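Contents: one structure, followed by commentary.
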Amino acid sequence: MSLLGAIRSNWRVGLLVVLVALSTAFLFAPGFGSSASADNPTNLQYGLELDGGTEVRAPLVGVTAEGVAFDNATRGEVSNAVAAELDDVAQRDVITRFQSQDGGTVEATAASVSQDRLGTAVEAAGYEYDAVRNGVTEQTRSRTIQVLQSKINEGGLSGGSVRVIDLPGQRPFVSVQVPGGDRREVLDLVNSRGEVRIVAYEPVEENGTRTYRNTTLFTGDEIRRVGDAIESEDGQPPRVPLRIEGGPAEGIRQSFVDTGVAERGGTRCTYPETEDSCLLVVRDGQVINSFGMQPGLGQSMVNGEWSESPTPAITLSLTNYEEAQQVSIDLQAGALPAALNVDEGTSRTTAPAQGADFKRDSLIAGLLAVLAVSGTVFVRYGEAEVALPMIVTAMAEVYALLGIAALTQYPVDLSVIGGFIAVIGTGVDDLIIIANEVMDEGEVNSRRVFQSRFRKAFWVIGAAAATTVIAMSPLAVLSLGDLQGFAIFTIIGVFIGVFVTRPAYGDILRGLLTDQ
Amino acid sequence: MARLEVPEIDYDRYSNRQLAAVPLAVLAVALLIVVGAWVTAGTPVPLGTDFSGGTEFRVAVGGDSPQEAIQTAFPVEPSSIREIPSQGVFVVTFGSGLESPSTAEEAIQCNELEGVDCLSEEQAAAAQQVTYRSSAVISSAFGENLQTTALAGVGVAFLAMALLVFGLFRTFVPSIAVVVSAFSDIVVPLALMRVFGIELSLGTVAALLMLIGYSVDSDILLNNHVLRRSGDFYESTYRAMRTGVTMTLTSLSAMIVLTAVATVFGIDLLASIGIILVFGLSIDLLNTYMLNLSLLRWYKFEGVAR
């Protein structure tokens with residue numbers, strides 16, 4: 001037979017060789033994926049279980065009134081009115097959104113608000129609504145995810161990701177994954193709303209007694225640009241420089257002057273018992289620093305120059321650098337519209353040392369399982385020329401799966417490794433079917449006999465593959481915990497098996513049995 | 001070299017009733033255990049942390065009395081401590097009663113973490129011996145959601161498989177034979193889980209789904225040989241058995257090894273996948289070559305003739 005003929009009749013083996021070569025490229029060639037390094041020679045990306053890190057998975061705090069008729073009120077008016085009916089809830093925790101011409105949703109994202117309470121409050125505020133349900137709107141959810149993502153990026157938790165997990169018939173969950181992050185870091189990130197307000201703290205004399213009045217001067221909404229935190233130097237405290245939006249600048253300047261924070265000679269703050277007015281930096285309702293204003297800035301505020309500048313600037317002082325960084329991040333990312341309800345979710349943390357153990361041990365477990373399969377196959381057939389190609393073919397299947405994992409940068413976790421092992425199991429099963437069906441019915445002396453038997457064997461293989469795919473597909477879509485990887489790779493493995501490796505094994509076996 | 005030979009069984013000697021009786025009796029006992037547990041304990045199988053909620057820590061412990069060190073280092077009494085054989089690592093479980101998992105997590109790291117004070121000198125010394133490896137906190141609400149999802153997943157997968165089998169064979173008796181033996185392949189491992197106290201985890205659910213796919217392979221093979229190939233019933237059966245038993249034994253050997261290794265190393269997910277498949281594949285031999293076979297023989301010799 002000519003070389004060309006040999007290639008043509010063995011093209012299925014060729015396809016397998018190409019697949020293996022491609023997988024090698026995906027796994028080892030630089031350029032596919034970025035994670036190849038000294039301690040990870042491949043392009044495989046590992047999940048949190050194998051590399052260490054934290055995942056928090058939880059629904060968002062909040063209840064939503066749907067189909068609220070706004071009666072021509074603005075969003076702010078509706079929020080105000082509803083918040084006023086909910087005693088302990090700040091206005092920022094009530095979010096009103098138009099979903100139609102004159103109606104929409106009212107969400108309360110404070111943990112203390114139940115469905116009943118929100119319903120009563122919306123009604124008491126004078127608006128009609130259709131229904132109240134648990135959970136927040138899609139818009140609030142995607143905004144929350146955006147904010148979380150930018151907090152992760154800016155907070156130096158590199159490689160972290162945020163996504164929504166939809167479970168049929170249930171509230172969607174938000175999953176935050178941070179490689180290398182420990183539980184406290186990640187919980188701090190998702191638990192704190194990160195709402196920063198700059199507040200004037202003004203002493204007021206009333207009937208001879210001194211009280212203090214808080215007035216919000218501005219929040220993140222009025223800031224155009226937030227600078228990075230600056231470390232303390234030359235006796236200056238750590239700082240965060242801010243640039244204020246041009247539009248609201250004049251109003252802000254006015255309240256600085258009215259509250260007595262801005263004075264010609266500057267102000268000296270001795271919070272909480274203070275003679276002069278103070279500037280407070282308030283994060284999630286807690287005062288994290290207080291300071292007075294320098295004479296220069298006070299001067300330019302009082303005579304109005306400050307807001308005439310194209311970019312009115314103000315600098316916040318903080319007590320330490322970490323706090324300065326946190327405030328800078330919170331202002332840049334914006335406040336989280338709704339926090340994660342960690343009490344109804346899960347969190348998992350794996351220390352890098354445990355991950356390294358899992359990586360090594362699961363590799364050993366997988367290899368030993370392969371050895372067991374090989375041993376059984378050798379004992380059963382007693383002929384290396386039947387058994388060896390079987391094992392090599394099954395291994396090629398797993399190798400191709402590894403290549404796919406590297407190409408797609410799918411994070412390899414224990415469940416994915418479980419999938420690889422399952423694939424070896426189903427793969428070898430099918431190769432046994434082929435070998436037995438072809439050899440059991442007596443001598444294979446022609447190509448035609450081989451083809452006819454192979455086709456019969458393939459009916460069984462196809463049927464078996466279909467049942468495996470069907471049994472696994474709920475897992476692949478349901479996102480049942482961490483088992484998605486297991487299901488996805490088992491299914492991909494079955495497809496590679498049916499379309500590439502099993503036909504290739506048929507060609508190899510035919511070559512062995514018919515010398516063609 | 002040792003050869004593995006599939007023995008030829010003299011099926012002639014047993015009636016269909018006799019053949020079917022054994023696997024049906026096993027199935028009945030299994031159903032009794034599962035349903036009984038459902039009624040008395042509320043769940044057919046014991047629920048693991050994944051489904052019941054709770055907190056699970058993994059810690060590496062040095063020193064002579066690791067159990068004591070663990071108990072002193074954690075601020076709250078753990079509900080169970082399990083040792084992983086290979087590497088001095090312990091799995092410490094708390095029920096869903098542990099109020100602040102983060103506090104417990106920080107307490108055992110109080111010597112290393114800034115801003116965390118050890119509870120006492122004694123506790124500090126114990127915490128020194130305990131190295132934090134991993135933790136999982138699952139709220140009971142989340143666990144309950146997961147139960148519903150898992151149950152729905154297994155149900156849908158089983159129904160879809162049954163429909164597919166009926167579609168493949170298009171005759172009632174052979175199809176129902178496959179479905180019944182697949183049902184038994186799932187129920188018997190569930191009963192064994194109850195008997196051996198193996199908890200339902202994400203891994204065992206994955207294995208149960210895997211079983212739905214795996215266990216019907218040998219049934220499909222048998223049906224295919226008997227119904228779609230020419231030749232004598234017993235000859236076809238024997239051929240199908242030679243292939244099917246080899247398949248099952250190969251998978252079984254892989255799963256036994258996987259279970260053993262994963263248990264020694266404490267890779268719970270892989271260990272629970274392994275053990276359930278060992279149960280399921282073993283019972284599948286019984287179901288395929290006694291239950292399915294007797295139904296097929298009845299169909300072939302009596303059912304078709306009717």
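Here, A, B, ... name the chains of the structure tokens in the order displayed, residue numbers run from 1 inside each chain, and ligands are numbered from 1 in the same displayed order.
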
Excluding Ser253 of chain B and any residue of its chain fewer than 4 positions from it, enumerate the residues within 7 Å of it, using only C-alpha atoms, and give them as a ChimeraX atom specification.
/A:372-373 /B:249,257

Just-selected residues, C-alpha atoms written as a JSON list (two decimals), in the first residue's frame:
```json
[["chain", "number", "residue", "atom", "x", "y", "z"],
["A", 372, "ALA", "CA", -5.23, -0.23, 38.02],
["A", 373, "VAL", "CA", -7.09, 0.04, 34.72],
["B", 249, "LEU", "CA", -14.36, -5.09, 36.48],
["B", 257, "VAL", "CA", -7.86, 2.16, 43.84]]
```

Report as an MDAnalysis selection string all protein, DNA and RNA residues lying within 7 Å of segment 50-63 of chain B, evaluated on only C-alpha atoms, omitting residues in the same chain fewer than 3 positions from it.
chainID B and resid 47 66 88:96 101 129:140 143:144 146:147 201:202

Please indicate the distance in Å from atom CA of Arg171 of chain A to atom CA of Leu86 of chain A, rounded to one decimal place.
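Computed distance, atom CA of Arg171 of chain A to atom CA of Leu86 of chain A, equals 24.1 Å.
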
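The interatomic distance for the pair atom CA of Val412 of chain A and atom CA of Ile492 of chain A works out to 14.4 Å.
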
Write down as an MDAnalysis selection string the residues of segment 35-111 of chain A whose backbone DSSP state falls under strand (DSSP E).
chainID A and resid 53:58 63:69 94:100 103:108

Resulting file, chosen residues, C-alpha atoms, as a PDB file, in the first residue's frame:
```
ATOM      1  CA  GLY A  53      -7.672  31.211  47.823  1.00  0.00           C
ATOM      2  CA  THR A  54     -11.147  32.115  48.944  1.00  0.00           C
ATOM      3  CA  GLU A  55     -14.556  31.941  47.373  1.00  0.00           C
ATOM      4  CA  VAL A  56     -17.629  33.553  48.871  1.00  0.00           C
ATOM      5  CA  ARG A  57     -20.975  32.687  47.374  1.00  0.00           C
ATOM      6  CA  ALA A  58     -24.099  34.395  48.651  1.00  0.00           C
ATOM      7  CA  VAL A  63     -36.222  42.955  49.044  1.00  0.00           C
ATOM      8  CA  THR A  64     -37.986  44.433  46.030  1.00  0.00           C
ATOM      9  CA  ALA A  65     -41.464  45.865  45.568  1.00  0.00           C
ATOM     10  CA  GLU A  66     -42.510  45.346  41.967  1.00  0.00           C
ATOM     11  CA  GLY A  67     -44.996  47.165  39.815  1.00  0.00           C
ATOM     12  CA  VAL A  68     -44.990  50.306  41.961  1.00  0.00           C
ATOM     13  CA  ALA A  69     -47.004  53.184  40.489  1.00  0.00           C
ATOM     14  CA  VAL A  94     -33.791  52.552  49.225  1.00  0.00           C
ATOM     15  CA  ILE A  95     -33.311  52.337  45.468  1.00  0.00           C
ATOM     16  CA  THR A  96     -36.063  53.380  43.094  1.00  0.00           C
ATOM     17  CA  ARG A  97     -35.878  52.385  39.440  1.00  0.00           C
ATOM     18  CA  PHE A  98     -38.150  53.069  36.488  1.00  0.00           C
ATOM     19  CA  GLN A  99     -39.077  49.862  34.707  1.00  0.00           C
ATOM     20  CA  SER A 100     -41.834  51.471  32.617  1.00  0.00           C
ATOM     21  CA  GLY A 103     -43.812  52.816  37.412  1.00  0.00           C
ATOM     22  CA  GLY A 104     -41.087  50.495  38.476  1.00  0.00           C
ATOM     23  CA  THR A 105     -39.431  48.913  41.427  1.00  0.00           C
ATOM     24  CA  VAL A 106     -38.521  50.040  44.908  1.00  0.00           C
ATOM     25  CA  GLU A 107     -35.752  48.039  46.560  1.00  0.00           C
ATOM     26  CA  ALA A 108     -34.642  48.134  50.170  1.00  0.00           C
TER      27      ALA A 108
END
```

Can you tell me, as a list of chain:residue names, what residues are no more than 9 Å from Gln254 of chain A when counting only C-alpha atoms, ignoring any on the same chain fewer than 3 positions away?
A:Ala249, A:Glu250, A:Gly251, A:Val257, A:Asp258, A:Thr259, A:Met301, A:Val302, A:Gly304

Just write the chosen residues, N, CA and C atoms, as a PDB file, in the first residue's frame.
```pdb
ATOM      1  N   ALA A 249     -19.919  72.164  42.555  1.00  0.00           N
ATOM      2  CA  ALA A 249     -18.831  72.751  43.361  1.00  0.00           C
ATOM      3  C   ALA A 249     -19.302  73.967  44.155  1.00  0.00           C
ATOM      4  N   GLU A 250     -20.075  74.847  43.516  1.00  0.00           N
ATOM      5  CA  GLU A 250     -20.475  76.081  44.186  1.00  0.00           C
ATOM      6  C   GLU A 250     -21.338  75.774  45.418  1.00  0.00           C
ATOM      7  N   GLY A 251     -22.261  74.818  45.252  1.00  0.00           N
ATOM      8  CA  GLY A 251     -23.120  74.427  46.382  1.00  0.00           C
ATOM      9  C   GLY A 251     -22.297  73.846  47.521  1.00  0.00           C
ATOM     10  N   VAL A 257     -18.717  76.892  53.830  1.00  0.00           N
ATOM     11  CA  VAL A 257     -18.664  78.195  54.494  1.00  0.00           C
ATOM     12  C   VAL A 257     -19.750  78.275  55.570  1.00  0.00           C
ATOM     13  N   ASP A 258     -20.982  77.816  55.213  1.00  0.00           N
ATOM     14  CA  ASP A 258     -22.109  77.906  56.148  1.00  0.00           C
ATOM     15  C   ASP A 258     -21.858  77.130  57.435  1.00  0.00           C
ATOM     16  N   THR A 259     -21.219  75.979  57.298  1.00  0.00           N
ATOM     17  CA  THR A 259     -21.009  75.151  58.487  1.00  0.00           C
ATOM     18  C   THR A 259     -19.777  75.577  59.261  1.00  0.00           C
ATOM     19  N   MET A 301     -12.013  79.335  49.785  1.00  0.00           N
ATOM     20  CA  MET A 301     -13.421  78.951  49.841  1.00  0.00           C
ATOM     21  C   MET A 301     -14.284  80.149  50.232  1.00  0.00           C
ATOM     22  N   VAL A 302     -13.803  80.892  51.220  1.00  0.00           N
ATOM     23  CA  VAL A 302     -14.606  82.020  51.704  1.00  0.00           C
ATOM     24  C   VAL A 302     -14.759  83.070  50.613  1.00  0.00           C
ATOM     25  N   GLY A 304     -14.609  82.554  47.431  1.00  0.00           N
ATOM     26  CA  GLY A 304     -15.266  82.009  46.242  1.00  0.00           C
ATOM     27  C   GLY A 304     -14.343  81.550  45.135  1.00  0.00           C
TER      28      GLY A 304
END
```

With a distance cut-off of 10 Å and only C-alpha atoms, select the neighbouring residues of Val216 of chain B, excluding the residue or stretch itself and same-chain residues fewer than 5 positions from it, and output the selection as a list in words.
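With the cut-off at 10 Å, the set is Ala463, Ala464, Thr467 and Thr468 of chain A; Met161, Ala162, Val165, Val178, Val179, Ser181, Ala182, Phe183, Asp185, Leu211, Leu221, Leu222, Asp284 and Thr288 of chain B.
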
Would you export the selected residues with C-alpha atoms as a JSON list (two decimals), in the first residue's frame, please?
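Output (again-v3.json):
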```json
[["chain", "number", "residue", "atom", "x", "y", "z"],
["A", 463, "ALA", "CA", -25.88, 4.60, 23.12],
["A", 464, "ALA", "CA", -23.65, 4.45, 26.20],
["A", 467, "THR", "CA", -26.72, 8.10, 28.43],
["A", 468, "THR", "CA", -23.59, 9.48, 30.08],
["B", 161, "MET", "CA", -31.99, 8.40, 30.77],
["B", 162, "ALA", "CA", -35.21, 6.34, 30.93],
["B", 165, "VAL", "CA", -33.49, 3.94, 26.73],
["B", 178, "VAL", "CA", -32.75, -1.47, 31.86],
["B", 179, "VAL", "CA", -34.57, 1.25, 33.77],
["B", 181, "SER", "CA", -31.84, -2.23, 37.01],
["B", 182, "ALA", "CA", -30.52, 1.34, 36.79],
["B", 183, "PHE", "CA", -32.97, 2.32, 39.54],
["B", 185, "ASP", "CA", -28.07, 0.58, 40.89],
["B", 211, "LEU", "CA", -23.89, 5.77, 37.94],
["B", 221, "LEU", "CA", -24.76, -4.05, 25.67],
["B", 222, "LEU", "CA", -26.71, -7.10, 26.82],
["B", 284, "ASP", "CA", -24.77, -3.58, 38.64],
["B", 288, "THR", "CA", -27.56, -6.81, 34.75]]
```

Selection: 6 Å around segment 143-159 of chain A, only C-alpha atoms, excl. self and same-chain fewer than 6 positions, as a PyMOL selection string:
chain A and resi 333+336-337

Sel. of alpha helix (DSSP H) residues, segment 132-225 of chain B, as a PyMOL selection string
chain B and resi 140-169+172-196+202-225

Between atom CA of Leu280 of chain A and atom CA of Ser309 of chain A, distance in Å (one decimal)
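Pair atom CA of Leu280 of chain A / atom CA of Ser309 of chain A returns 23.8 Å.
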
Between B:Ser80, B:Gln67, B:Gly203, B:Ala107, which residue has the minimum interatomic distance to Leu475 of chain A, considering only C-alpha atoms?
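With only C-alpha atoms as the atom set, the closest residue is B:Gly203.
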